[in-house]
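Shown below: start35.txt, with compact mmCIF, C-alpha atoms.
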# COMPACT_ATOMS: atom_id res chain seq x y z
CA MET E 1 32.98 -29.71 67.63
CA THR E 2 34.67 -29.61 71.01
CA GLY E 3 37.09 -31.80 72.97
CA TYR E 4 39.01 -34.37 70.97
CA TYR E 5 38.30 -32.85 67.54
CA LYS E 6 39.04 -29.12 67.37
CA ASP E 7 37.82 -26.81 64.58
CA GLU E 8 41.19 -25.14 64.26
CA ASP E 9 42.97 -28.47 63.72
CA LEU E 10 41.63 -28.69 60.17
CA ASP E 11 43.70 -25.63 59.27
CA ARG E 12 46.76 -27.53 60.55
CA PHE E 13 46.33 -30.32 58.00
CA GLY E 14 49.49 -29.12 56.22
CA GLU E 15 51.53 -30.08 59.28
CA MET E 16 51.09 -33.70 58.16
CA GLY E 17 53.76 -32.92 55.58
CA LYS E 18 56.28 -32.03 58.26
CA TYR E 19 57.87 -35.47 58.48
CA ASN E 20 57.23 -36.61 54.93
CA GLN E 21 56.53 -33.76 52.54
CA GLU E 22 56.85 -35.95 49.48
CA LEU E 23 54.05 -38.32 50.45
CA PHE E 24 51.87 -35.49 51.72
CA GLY E 25 52.43 -33.56 48.50
CA LYS E 26 51.43 -36.59 46.46
CA PHE E 27 48.31 -37.04 48.57
CA MET E 28 47.33 -33.39 48.13
CA SER E 29 47.84 -33.51 44.35
CA TRP E 30 45.78 -36.69 44.12
CA TYR E 31 43.06 -35.31 46.41
CA THR E 32 42.82 -32.07 44.43
CA ALA E 33 42.75 -33.91 41.10
CA ALA E 34 40.08 -36.33 42.34
CA LEU E 35 37.80 -33.42 43.25
CA GLU E 36 38.23 -31.61 39.91
CA PRO E 37 35.22 -31.83 37.58
CA GLY E 38 35.54 -34.72 35.13
CA VAL E 39 32.84 -37.06 33.90
CA LEU E 40 31.23 -36.23 37.23
CA ASN E 41 30.65 -32.55 37.88
CA LYS E 42 31.73 -30.62 40.97
CA ARG E 43 28.32 -30.90 42.59
CA GLU E 44 28.17 -34.69 42.20
CA LYS E 45 31.66 -35.01 43.63
CA VAL E 46 31.01 -32.93 46.75
CA LEU E 47 27.79 -34.86 47.35
CA ILE E 48 29.76 -38.13 47.19
CA GLY E 49 32.28 -36.56 49.57
CA LEU E 50 29.50 -35.65 51.98
CA SER E 51 28.06 -39.17 51.89
CA VAL E 52 31.46 -40.76 52.49
CA ALA E 53 32.16 -38.26 55.27
CA HIS E 54 29.06 -39.51 57.07
CA ALA E 55 29.78 -43.15 56.36
CA ILE E 56 33.27 -42.84 57.87
CA GLN E 57 32.00 -40.30 60.43
CA CYS E 58 34.90 -37.85 59.98
CA PRO E 59 33.94 -34.57 61.71
CA TYR E 60 36.33 -32.51 59.58
CA CYS E 61 35.01 -34.01 56.36
CA ILE E 62 31.40 -33.48 57.49
CA ASP E 63 32.05 -29.77 58.17
CA ALA E 64 34.00 -29.26 54.96
CA TYR E 65 31.65 -31.13 52.63
CA THR E 66 28.51 -29.63 54.17
CA LYS E 67 29.90 -26.20 53.35
CA SER E 68 30.89 -27.36 49.87
CA CYS E 69 27.37 -28.66 49.27
CA LEU E 70 25.85 -25.32 50.32
CA GLU E 71 28.30 -23.50 48.07
CA GLU E 72 27.23 -25.72 45.17
CA GLY E 73 23.63 -24.58 45.64
CA MET E 74 22.32 -27.48 47.69
CA SER E 75 20.10 -27.16 50.73
CA LEU E 76 19.59 -29.13 53.92
CA GLU E 77 17.02 -31.19 52.02
CA HIS E 78 19.70 -32.31 49.54
CA ILE E 79 22.17 -32.94 52.34
CA THR E 80 19.68 -34.96 54.37
CA GLU E 81 18.81 -37.15 51.39
CA ALA E 82 22.50 -37.83 50.76
CA VAL E 83 23.04 -38.75 54.42
CA HIS E 84 20.12 -41.17 54.15
CA VAL E 85 21.78 -42.81 51.14
CA ALA E 86 25.05 -43.16 53.09
CA SER E 87 23.18 -44.50 56.10
CA ALA E 88 21.08 -46.89 54.04
CA VAL E 89 24.14 -48.33 52.28
CA ARG E 90 25.88 -48.63 55.62
CA GLY E 91 22.84 -50.25 57.20
CA GLY E 92 22.46 -52.57 54.21
CA ALA E 93 26.09 -53.58 54.57
CA SER E 94 25.40 -54.74 58.10
CA LEU E 95 22.18 -56.44 57.14
CA ILE E 96 23.66 -58.38 54.21
CA HIS E 97 26.20 -59.83 56.63
CA GLY E 98 23.26 -61.60 58.21
CA ILE E 99 23.72 -64.10 55.37
CA GLN E 100 27.23 -64.79 56.68
CA SER E 101 25.69 -65.38 60.07
CA HIS E 102 23.17 -67.74 58.54
CA ASN E 103 25.97 -69.51 56.62
CA ALA E 104 28.01 -69.86 59.81
CA ALA E 105 25.02 -71.25 61.64
CA ASP E 106 24.29 -73.68 58.79
CA LYS E 107 27.85 -75.03 59.01
CA ILE E 108 27.37 -76.13 62.56
CA SER E 109 23.71 -76.96 62.59
CA LEU E 110 21.98 -80.29 62.05
CA MET C 1 45.02 -12.52 56.51
CA ILE C 2 41.88 -10.84 57.87
CA ASN C 3 43.77 -7.59 58.42
CA LYS C 4 44.86 -7.22 54.82
CA LYS C 5 43.38 -3.91 53.70
CA PHE C 6 41.46 -3.86 50.41
CA LYS C 7 43.53 -0.86 49.32
CA ASP C 8 46.73 -2.89 49.75
CA THR C 9 45.31 -5.81 47.76
CA LEU C 10 44.24 -3.35 45.06
CA SER C 11 47.67 -1.74 44.88
CA GLU C 12 49.20 -5.16 44.13
CA VAL C 13 47.19 -5.47 40.91
CA CYS C 14 46.46 -1.84 39.90
CA SER C 15 48.77 1.06 39.19
CA GLY C 16 46.36 3.53 40.79
CA PRO C 17 43.16 3.76 42.83
CA LEU C 18 39.84 2.35 41.66
CA VAL C 19 38.14 5.01 39.56
CA SER C 20 34.76 5.47 37.90
CA VAL C 21 34.46 4.34 34.27
CA ASP C 22 31.08 5.87 33.44
CA ILE C 23 27.68 6.51 35.03
CA LYS C 24 25.07 4.35 33.33
CA ILE C 25 22.81 3.87 36.32
CA LEU C 26 21.35 6.10 38.99
CA GLN C 27 20.64 3.76 41.90
CA VAL C 28 18.27 5.33 44.38
CA ASN C 29 17.57 3.98 47.85
CA VAL C 30 14.22 5.55 48.68
CA GLY C 31 14.23 4.43 52.31
CA TYR C 32 14.90 1.67 54.80
CA LEU C 33 11.25 1.04 55.68
CA CYS C 34 10.31 -2.54 54.85
CA ASN C 35 7.49 -5.00 55.52
CA MET C 36 10.14 -7.69 56.13
CA ALA C 37 13.27 -8.05 58.25
CA CYS C 38 15.42 -10.56 56.36
CA LYS C 39 18.40 -11.99 58.21
CA HIS C 40 20.83 -11.17 55.38
CA CYS C 41 19.70 -7.55 54.84
CA HIS C 42 22.68 -5.19 54.55
CA ALA C 43 20.36 -2.19 55.02
CA ASN C 44 18.98 -3.34 58.37
CA ALA C 45 15.62 -2.60 56.81
CA GLY C 46 12.42 -3.21 58.72
CA ALA C 47 9.01 -1.95 59.77
CA GLU C 48 10.46 0.30 62.47
CA ARG C 49 12.81 2.27 60.19
CA GLN C 50 11.91 5.94 59.75
CA GLU C 51 14.34 6.90 56.98
CA ILE C 52 12.29 7.74 53.88
CA MET C 53 13.26 9.84 50.85
CA GLU C 54 11.22 13.06 50.81
CA ARG C 55 9.63 14.73 47.78
CA GLU C 56 12.44 17.29 47.44
CA ASN C 57 15.06 14.61 46.85
CA ILE C 58 12.73 12.58 44.60
CA GLU C 59 12.41 15.68 42.38
CA ALA C 60 16.19 16.19 42.46
CA VAL C 61 16.64 12.59 41.27
CA LEU C 62 14.23 13.23 38.39
CA ARG C 63 16.05 16.47 37.50
CA VAL C 64 19.38 14.62 37.29
CA LEU C 65 17.82 11.94 35.08
CA GLU C 66 16.34 14.60 32.81
CA GLU C 67 19.52 16.66 32.54
CA THR C 68 22.01 13.81 31.97
CA ASP C 69 22.48 10.82 29.68
CA ILE C 70 21.98 8.40 32.57
CA ASN C 71 19.37 6.08 31.12
CA ILE C 72 18.71 3.63 33.92
CA LEU C 73 16.98 4.29 37.23
CA ASP C 74 17.52 1.45 39.74
CA ILE C 75 15.17 1.82 42.72
CA THR C 76 15.95 0.00 45.94
CA GLY C 77 15.23 0.12 49.70
CA GLY C 78 13.93 -1.25 52.16
CA ALA C 79 10.81 -2.10 50.32
CA PRO C 80 10.92 0.81 47.84
CA GLU C 81 7.18 0.51 47.23
CA MET C 82 6.57 1.79 50.79
CA ASN C 83 7.87 5.24 49.90
CA PRO C 84 4.81 7.51 49.40
CA TYR C 85 6.36 9.05 46.25
CA PHE C 86 7.33 5.71 44.70
CA THR C 87 4.71 5.66 41.94
CA HIS C 88 5.43 9.31 41.11
CA LEU C 89 9.13 8.53 40.74
CA VAL C 90 8.49 5.54 38.47
CA ARG C 91 5.91 7.30 36.29
CA GLU C 92 8.00 10.45 35.83
CA ALA C 93 11.17 8.51 35.07
CA ARG C 94 9.27 6.52 32.45
CA ARG C 95 7.69 9.69 31.04
CA ILE C 96 11.13 11.15 30.32
CA GLY C 97 12.13 7.90 28.64
CA LYS C 98 14.29 6.26 31.28
CA HIS C 99 14.51 2.53 31.88
CA VAL C 100 13.30 1.70 35.40
CA MET C 101 14.41 -1.27 37.48
CA VAL C 102 12.90 -2.00 40.90
CA ARG C 103 14.32 -4.34 43.53
CA THR C 104 11.28 -5.86 45.16
CA ASN C 105 10.79 -8.42 47.91
CA LEU C 106 7.54 -9.64 46.22
CA THR C 107 5.69 -10.03 49.55
CA ILE C 108 4.93 -6.30 49.48
CA PHE C 109 2.24 -7.09 46.86
CA PHE C 110 0.11 -8.52 49.68
CA GLU C 111 0.31 -5.55 52.04
CA GLU C 112 -2.85 -3.48 52.41
CA GLY C 113 -3.11 -0.87 49.68
CA LYS C 114 -0.26 -2.36 47.61
CA GLU C 115 -2.32 -4.82 45.57
CA TYR C 116 -2.03 -2.55 42.52
CA LEU C 117 1.73 -3.12 42.20
CA PRO C 118 1.92 -6.02 39.68
CA GLU C 119 -0.30 -4.18 37.17
CA PHE C 120 1.49 -0.91 37.89
CA TYR C 121 4.80 -2.56 37.07
CA GLY C 122 3.42 -4.07 33.90
CA ASN C 123 1.80 -0.82 32.73
CA ASN C 124 5.07 1.08 33.23
CA SER C 125 7.33 -1.63 31.75
CA VAL C 126 9.36 -1.81 34.94
CA GLU C 127 12.16 -4.39 35.01
CA ILE C 128 11.76 -6.40 38.19
CA ILE C 129 14.64 -7.70 40.30
CA ALA C 130 13.02 -9.91 42.92
CA SER C 131 14.69 -11.40 45.95
CA LEU C 132 14.14 -15.14 46.34
CA PRO C 133 16.96 -16.68 48.39
CA PHE C 134 16.18 -20.25 47.29
CA TYR C 135 13.64 -22.34 45.41
CA MET C 136 12.59 -24.33 48.48
CA GLU C 137 10.10 -23.19 51.08
CA SER C 138 12.11 -24.19 54.16
CA GLU C 139 15.19 -22.19 53.17
CA VAL C 140 13.25 -19.08 52.15
CA ASP C 141 11.07 -19.04 55.26
CA ARG C 142 14.09 -19.53 57.51
CA VAL C 143 15.79 -16.41 56.11
CA ARG C 144 12.77 -14.20 55.41
CA GLY C 145 10.11 -15.35 57.84
CA LYS C 146 7.38 -17.98 57.91
CA GLY C 147 4.94 -17.88 55.02
CA SER C 148 7.12 -15.69 52.81
CA PHE C 149 7.82 -18.42 50.24
CA HIS C 150 4.13 -18.91 49.49
CA LYS C 151 3.61 -15.17 49.10
CA CYS C 152 6.60 -14.98 46.73
CA ALA C 153 5.23 -17.90 44.72
CA GLU C 154 1.84 -16.22 44.40
CA ALA C 155 3.45 -12.91 43.43
CA LEU C 156 5.56 -14.62 40.77
CA ARG C 157 2.50 -16.38 39.34
CA LYS C 158 0.71 -13.03 39.18
CA LEU C 159 3.67 -11.44 37.37
CA ASN C 160 3.79 -14.37 34.95
CA SER C 161 0.08 -13.89 34.19
CA LEU C 162 0.89 -10.28 33.23
CA GLY C 163 3.55 -11.41 30.77
CA TYR C 164 6.58 -11.14 33.03
CA GLY C 165 9.32 -13.75 32.85
CA ALA C 166 8.59 -15.30 29.46
CA GLU C 167 11.70 -15.69 27.33
CA GLU C 168 10.51 -13.49 24.46
CA SER C 169 8.68 -10.97 26.65
CA ASP C 170 9.96 -7.43 27.05
CA LYS C 171 8.70 -7.53 30.65
CA LYS C 172 11.80 -8.77 32.40
CA LEU C 173 11.66 -10.60 35.70
CA HIS C 174 14.93 -11.57 37.37
CA LEU C 175 15.45 -13.38 40.65
CA VAL C 176 18.21 -12.87 43.19
CA TYR C 177 19.83 -15.63 45.23
CA ASN C 178 21.67 -14.91 48.46
CA PRO C 179 23.40 -17.65 50.45
CA SER C 180 21.40 -18.39 53.59
CA GLY C 181 24.51 -18.23 55.78
CA ALA C 182 28.25 -17.67 55.99
CA PHE C 183 29.25 -19.37 52.79
CA MET C 184 29.95 -18.45 49.17
CA SER C 185 27.44 -18.43 46.31
CA PRO C 186 27.14 -21.36 43.91
CA PRO C 187 27.97 -20.86 40.23
CA GLN C 188 25.25 -18.66 38.71
CA GLU C 189 24.61 -20.80 35.60
CA THR C 190 24.17 -24.04 37.55
CA LEU C 191 21.87 -22.52 40.12
CA GLU C 192 19.83 -20.69 37.48
CA ALA C 193 19.13 -24.03 35.79
CA ASP C 194 18.05 -25.48 39.18
CA TYR C 195 15.79 -22.51 39.92
CA LYS C 196 14.17 -22.68 36.47
CA ARG C 197 13.59 -26.43 36.67
CA GLU C 198 12.35 -26.47 40.26
CA LEU C 199 10.22 -23.31 40.22
CA PHE C 200 8.54 -24.33 36.98
CA GLY C 201 8.12 -27.93 38.13
CA ARG C 202 6.86 -27.13 41.62
CA LEU C 203 4.99 -23.88 41.07
CA GLY C 204 4.62 -23.40 37.32
CA VAL C 205 6.65 -20.18 37.62
CA SER C 206 8.99 -18.74 34.95
CA PHE C 207 11.59 -15.98 35.12
CA ASN C 208 14.33 -14.57 32.89
CA SER C 209 17.62 -14.69 34.81
CA LEU C 210 19.00 -15.51 38.21
CA PHE C 211 21.65 -13.33 39.85
CA THR C 212 23.71 -15.00 42.57
CA PHE C 213 24.96 -12.41 45.05
CA LEU C 214 27.26 -12.82 48.01
CA ASN C 215 26.19 -11.54 51.38
CA MET C 216 28.24 -8.44 52.18
CA PRO C 217 29.74 -8.18 55.65
CA VAL C 218 27.57 -5.13 56.29
CA GLY C 219 24.46 -4.43 58.39
CA ARG C 220 22.38 -7.28 59.79
CA PHE C 221 24.53 -9.94 58.09
CA ARG C 222 27.70 -8.51 59.65
CA ASP C 223 26.00 -8.65 63.06
CA TYR C 224 25.15 -12.29 62.42
CA LEU C 225 28.74 -13.10 61.40
CA ILE C 226 30.11 -11.59 64.59
CA ARG C 227 27.44 -13.10 66.84
CA SER C 228 27.90 -16.58 65.38
CA GLY C 229 31.71 -16.48 65.48
CA ASN C 230 31.95 -16.70 61.67
CA PHE C 231 33.27 -13.21 60.92
CA GLU C 232 37.00 -13.97 60.71
CA LYS C 233 36.58 -17.13 58.64
CA TYR C 234 34.13 -15.44 56.27
CA MET C 235 36.39 -12.43 55.72
CA GLY C 236 39.37 -14.75 55.29
CA LYS C 237 37.50 -16.65 52.61
CA LEU C 238 36.52 -13.44 50.77
CA ILE C 239 40.11 -12.18 50.89
CA CYS C 240 41.49 -15.50 49.61
CA ALA C 241 38.94 -15.47 46.79
CA PHE C 242 39.94 -11.97 45.58
CA ASN C 243 39.85 -12.00 41.79
CA PRO C 244 41.35 -8.99 39.96
CA GLU C 245 39.33 -9.86 36.85
CA THR C 246 36.18 -8.67 38.64
CA LEU C 247 37.49 -5.10 38.93
CA GLU C 248 36.54 -3.96 35.43
CA GLY C 249 32.86 -4.84 35.82
CA LEU C 250 32.32 -3.61 39.37
CA MET C 251 28.96 -1.83 39.59
CA CYS C 252 30.41 1.03 41.62
CA ARG C 253 32.43 2.02 38.53
CA HIS C 254 29.27 2.36 36.46
CA LEU C 255 26.71 3.92 38.81
CA ILE C 256 25.99 6.52 41.45
CA ASN C 257 24.01 5.54 44.51
CA VAL C 258 21.67 8.03 46.16
CA GLY C 259 20.72 7.68 49.82
CA TRP C 260 17.27 8.33 51.27
CA ASP C 261 18.50 11.76 52.45
CA GLY C 262 19.92 12.71 49.06
CA ARG C 263 23.57 11.94 49.84
CA LEU C 264 25.65 10.38 47.07
CA TYR C 265 27.62 7.15 47.40
CA ASP C 266 29.56 4.73 45.21
CA CYS C 267 27.24 1.85 46.12
CA ASP C 268 24.46 0.86 48.51
CA PHE C 269 26.97 -0.82 50.86
CA ASN C 270 29.01 2.37 51.16
CA GLN C 271 25.73 4.13 51.92
CA MET C 272 25.11 1.82 54.87
CA LEU C 273 28.62 2.51 56.12
CA GLY C 274 28.30 6.28 55.62
CA LEU C 275 31.15 6.40 53.09
CA GLY C 276 30.18 9.26 50.76
CA VAL C 277 31.55 9.87 47.26
CA HIS C 278 34.82 11.71 46.73
CA SER C 279 33.68 14.94 45.11
CA SER C 280 34.78 18.51 45.57
CA ARG C 281 31.48 19.88 44.18
CA GLY C 282 29.19 18.55 46.89
CA GLN C 283 27.94 15.17 47.98
CA ARG C 284 24.19 15.53 47.51
CA ILE C 285 21.87 14.78 44.62
CA ALA C 286 21.00 18.50 44.50
CA ASP C 287 24.69 19.24 43.76
CA PHE C 288 25.03 16.47 41.16
CA ASP C 289 27.91 17.22 38.81
CA TYR C 290 28.18 14.56 36.12
CA GLN C 291 31.61 15.65 34.81
CA GLU C 292 33.09 15.68 38.30
CA LEU C 293 31.52 12.40 39.39
CA ILE C 294 32.50 10.47 36.28
CA LYS C 295 36.16 11.07 37.17
CA ARG C 296 35.84 10.23 40.86
CA THR C 297 37.95 7.81 42.86
CA ILE C 298 35.84 5.04 44.38
CA ASN C 299 35.75 4.89 48.17
CA VAL C 300 36.88 1.36 49.08
CA GLU C 301 36.94 -0.50 52.38
CA GLU C 302 37.14 -4.10 53.59
CA HIS C 303 33.60 -4.98 52.48
CA CYS C 304 34.75 -4.49 48.87
CA TYR C 305 36.25 -7.98 49.11
CA GLY C 306 32.63 -9.14 48.85
CA CYS C 307 32.18 -7.76 45.33
CA THR C 308 35.58 -8.98 44.13
CA ALA C 309 35.49 -12.55 45.44
CA GLY C 310 35.48 -15.41 42.96
CA ARG C 311 33.29 -14.65 39.98
CA GLY C 312 32.31 -11.30 41.48
CA SER C 313 29.05 -10.20 43.07
CA THR C 314 27.51 -6.95 41.93
Turn the structure described in the file into structure tokens.
Amino acid sequence: MTGYYKDEDLDRFGEMGKYNQELFGKFMSWYTAALEPGVLNKREKVLIGLSVAHAIQCPYCIDAYTKSCLEEGMSLEHITEAVHVASAVRGGASLIHGIQSHNAADKISL
Amino acid sequence: MINKKFKDTLSEVCSGPLVSVDIKILQVNVGYLCNMACKHCHANAGAERQEIMERENIEAVLRVLEETDINILDITGGAPEMNPYFTHLVREARRIGKHVMVRTNLTIFFEEGKEYLPEFYGNNSVEIIASLPFYMESEVDRVRGKGSFHKCAEALRKLNSLGYGAEESDKKLHLVYNPSGAFMSPPQETLEADYKRELFGRLGVSFNSLFTFLNMPVGRFRDYLIRSGNFEKYMGKLICAFNPETLEGLMCRHLINVGWDGRLYDCDFNQMLGLGVHSSRGQRIADFDYQELIKRTINVEEHCYGCTAGRGST
């Protein structure tokens, strides 16, 4: 990761609390709690995180959740399958909007 | 963070230095010669290594086993089976009633002249600790070389056919997972369930337990960390993960490690770093003094963060 996104910037995440510690603190508590094992286990949660990271294309999240997946005993095969799920849902989301296009065309067509 | 010495971390949670508790295991590294050259190997083992334990030190090991209450012989390498006195060591240790564990890479079974090994292990009731870094071919071959996964699978099937790995069997077969990179190990219980399900489902293979180890920042893996720019982050992660609850069960507090040249160490990692045991009565197997060694202070350095991180790794 070079240029606009720098590896070392992830370690500076805490600086986001500089101008509003209260909101940042609340975010961190919520984030930490959301990742704790619950009905879903840790592995399922980091795999969801990885998929979302790819869907939103956040380089920091991709790095962090790839590592988390490896540390939960998953391999590149697992990771690749999860990325396909994220991509397929994302692709499907575009495709289903074809109906909106058809609807819009119907409105103005004879 | 990376400069925090292990001794300083230790002094924050202990009133004194790390000391030996007992000596239950004699861990013997019979040489660095190996038929493989795995990327994570802390011993830098390989086909070009010349360091091999000679007969004199093998006999000294057997003498120590005979004269003490140490009941477990843990044989490691390299590929320990490549030592010319390997079978002698195993047979004699068994003859005097000692439990023998061997750390094998499994692929050695397919080297010329080594085909006898599975039966030899079975006939001598050797407990097998076999390295298998993952249950998928691509990961294993990436770390250990192309074709190694299939050889491991065949070796495991052979061991199963001899009674190894079944739940009720007294022939114990354990597998060892190492992360295939600069990251921490998964929880042992979760990964063991994955290994059992996948290896049985894909290959029809069974085993008793899985041990998840961390890669120590020593040897070939340390070189990789430095070369890839991961060293500082990896050490930082180990230091942050320091868990004082791991101290009681550290292997170095319950064993003595013997190098290929007969020198004594607190563990195999210290051996690779040349950090000998603290002992006033000599540092060689020929000078072995049980009463002195059982009271020794453990020689610690930065790599000890590897064995004390998270759930521990020994």
Counting all atoms listed in the file, which residues in chain C sit no more than 9 Å from chain E? For each one, give the nearest pair of atoms and the distance in Å, sorted by chain then residue number, as JSON lines.
{"residue": "C:Phe134", "atom": "CA", "partner": "E:Ser75", "partner_atom": "CA", "distance": 8.7}
{"residue": "C:Met136", "atom": "CA", "partner": "E:Ser75", "partner_atom": "CA", "distance": 8.3}
{"residue": "C:Ser138", "atom": "CA", "partner": "E:Glu77", "partner_atom": "CA", "distance": 8.8}
{"residue": "C:Glu139", "atom": "CA", "partner": "E:Ser75", "partner_atom": "CA", "distance": 7.4}
{"residue": "C:Pro179", "atom": "CA", "partner": "E:Glu71", "partner_atom": "CA", "distance": 8.0}
{"residue": "C:Ser180", "atom": "CA", "partner": "E:Leu70", "partner_atom": "CA", "distance": 8.9}
{"residue": "C:Phe183", "atom": "CA", "partner": "E:Glu71", "partner_atom": "CA", "distance": 6.3}
{"residue": "C:Met184", "atom": "CA", "partner": "E:Glu71", "partner_atom": "CA", "distance": 5.4}
{"residue": "C:Ser185", "atom": "CA", "partner": "E:Glu71", "partner_atom": "CA", "distance": 5.4}
{"residue": "C:Pro186", "atom": "CA", "partner": "E:Glu72", "partner_atom": "CA", "distance": 4.5}
{"residue": "C:Pro187", "atom": "CA", "partner": "E:Glu72", "partner_atom": "CA", "distance": 7.0}
{"residue": "C:Thr190", "atom": "CA", "partner": "E:Gly73", "partner_atom": "CA", "distance": 8.1}
{"residue": "C:Leu191", "atom": "CA", "partner": "E:Gly73", "partner_atom": "CA", "distance": 6.1}
{"residue": "C:Asp194", "atom": "CA", "partner": "E:Gly73", "partner_atom": "CA", "distance": 8.6}
Please check which residues have atoms at most 9 Å from (5.7, 4.1, 37.4) in the file's coordinates, counting all atoms listed in the file, and write them as a ChimeraX atom specification.
/C:86-95,100,120-121,123-126
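Taking atom CA of Gly276 of chain C and atom CA of Ile294 of chain C as endpoints, the distance between them is 14.7 Å.
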Show which residues sit within 7 Å of Lys196 of chain C, as a PyMOL selection string. Count all atoms listed in the file, and ignore same-chain residues fewer than 4 positions away.
chain C and resi 192+200+206
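Atom to atom, atom CA of Asp8 of chain C and atom CA of Tyr265 of chain C stand 21.7 Å apart.
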Considering all atoms listed in the file, return as an MDAnalysis selection string whatever protein or nucleic-acid residues lie within 12 Å of Glu15 of chain E, sequence-local ones (same chain, fewer than 6 positions apart) excluded.
chainID E and resid 9 21 24:25
Between atom CA of Ile25 of chain C and atom CA of Lys5 of chain C, what distance in Å does the model show, to one decimal?
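Value for the atom CA of Ile25 of chain C-atom CA of Lys5 of chain C distance: 28.0 Å.
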Using all atoms listed in the file, which protein or nucleic acid residues come within 9 Å of segment 147-155 of chain C? Drop anything in the same chain fewer than 6 positions from it, and give the result as a list of chain:residue names.
C:Asn105, C:Leu106, C:Thr107, C:Ile108, C:Phe109, C:Phe110, C:Pro118, C:Ser131, C:Leu132, C:Tyr135, C:Met136, C:Glu137, C:Ser138, C:Glu139, C:Val140, C:Asp141, C:Leu199, C:Leu203, C:Val205
Suppose we keep C-alpha atoms; can you now write the selection as a tab-separated table (two decimals), in the coordinates of the input?
chain	number	residue	atom	x	y	z
C	105	ASN	CA	10.79	-8.42	47.91
C	106	LEU	CA	7.54	-9.64	46.22
C	107	THR	CA	5.69	-10.03	49.55
C	108	ILE	CA	4.93	-6.30	49.48
C	109	PHE	CA	2.24	-7.09	46.86
C	110	PHE	CA	0.11	-8.52	49.68
C	118	PRO	CA	1.92	-6.02	39.68
C	131	SER	CA	14.69	-11.40	45.95
C	132	LEU	CA	14.14	-15.14	46.34
C	135	TYR	CA	13.64	-22.34	45.41
C	136	MET	CA	12.59	-24.33	48.48
C	137	GLU	CA	10.10	-23.19	51.08
C	138	SER	CA	12.11	-24.19	54.16
C	139	GLU	CA	15.19	-22.19	53.17
C	140	VAL	CA	13.25	-19.08	52.15
C	141	ASP	CA	11.07	-19.04	55.26
C	199	LEU	CA	10.22	-23.31	40.22
C	203	LEU	CA	4.99	-23.88	41.07
C	205	VAL	CA	6.65	-20.18	37.62
Exercise: Asp7 of chain E partners within 12 Å, all atoms listed in the file, chain neighbours under 5 positions left out, as a list in words:
Met1, Thr2, Arg12, Phe13, Pro59, Tyr60, Cys61, Ile62, Asp63 and Ala64 of chain E; Lys233 of chain C
Using the file's own x, y and z axes, so that the box edges lie along x, y and z, what centre and edge lengths in Å (one decimal) does a box around every listed atom of segment 61-78 of chain E get when 8 Å is added on each side? Give it as JSON.
{"center_x": 26.0, "center_y": -28.8, "center_z": 51.7, "size_x": 34.0, "size_y": 26.5, "size_z": 29.0}
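Distances to Glu302 of chain C were evaluated for C:Gly259, C:Gly113, C:Gly236, C:Pro244 using only C-alpha atoms, and the minimum falls at C:Gly236.
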Who sits within 6 Å of Ser51 of chain E, only C-alpha atoms, same chain under 2 positions skipped, as an MDAnalysis selection string:
chainID E and resid 48:49 53:54 82:83 86
Fill-in result for segment 11-18 of chain E, N, CA, C and O atoms as a compact mmCIF listing (two decimals), in the coordinates of the input:
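Generated file (selection36.txt):
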# COMPACT_ATOMS: atom_id res chain seq x y z
N ASP E 11 42.76 -26.56 59.92
CA ASP E 11 43.70 -25.63 59.27
C ASP E 11 45.15 -26.07 59.44
O ASP E 11 46.05 -25.53 58.82
N ARG E 12 45.39 -27.04 60.31
CA ARG E 12 46.76 -27.53 60.55
C ARG E 12 47.07 -28.77 59.71
O ARG E 12 48.10 -29.42 59.92
N PHE E 13 46.17 -29.09 58.78
CA PHE E 13 46.33 -30.32 58.00
C PHE E 13 47.71 -30.36 57.34
O PHE E 13 48.36 -31.41 57.27
N GLY E 14 48.19 -29.19 56.88
CA GLY E 14 49.49 -29.12 56.22
C GLY E 14 50.64 -29.61 57.08
O GLY E 14 51.70 -30.02 56.54
N GLU E 15 50.46 -29.60 58.38
CA GLU E 15 51.53 -30.08 59.28
C GLU E 15 51.81 -31.56 59.07
O GLU E 15 52.86 -32.07 59.48
N MET E 16 50.86 -32.27 58.43
CA MET E 16 51.09 -33.70 58.16
C MET E 16 52.23 -33.91 57.15
O MET E 16 52.70 -35.02 56.98
N GLY E 17 52.63 -32.81 56.50
CA GLY E 17 53.76 -32.92 55.58
C GLY E 17 55.11 -32.72 56.27
O GLY E 17 56.17 -32.87 55.65
N LYS E 18 55.06 -32.40 57.53
CA LYS E 18 56.28 -32.03 58.26
C LYS E 18 57.33 -33.14 58.24
O LYS E 18 58.52 -32.88 58.07
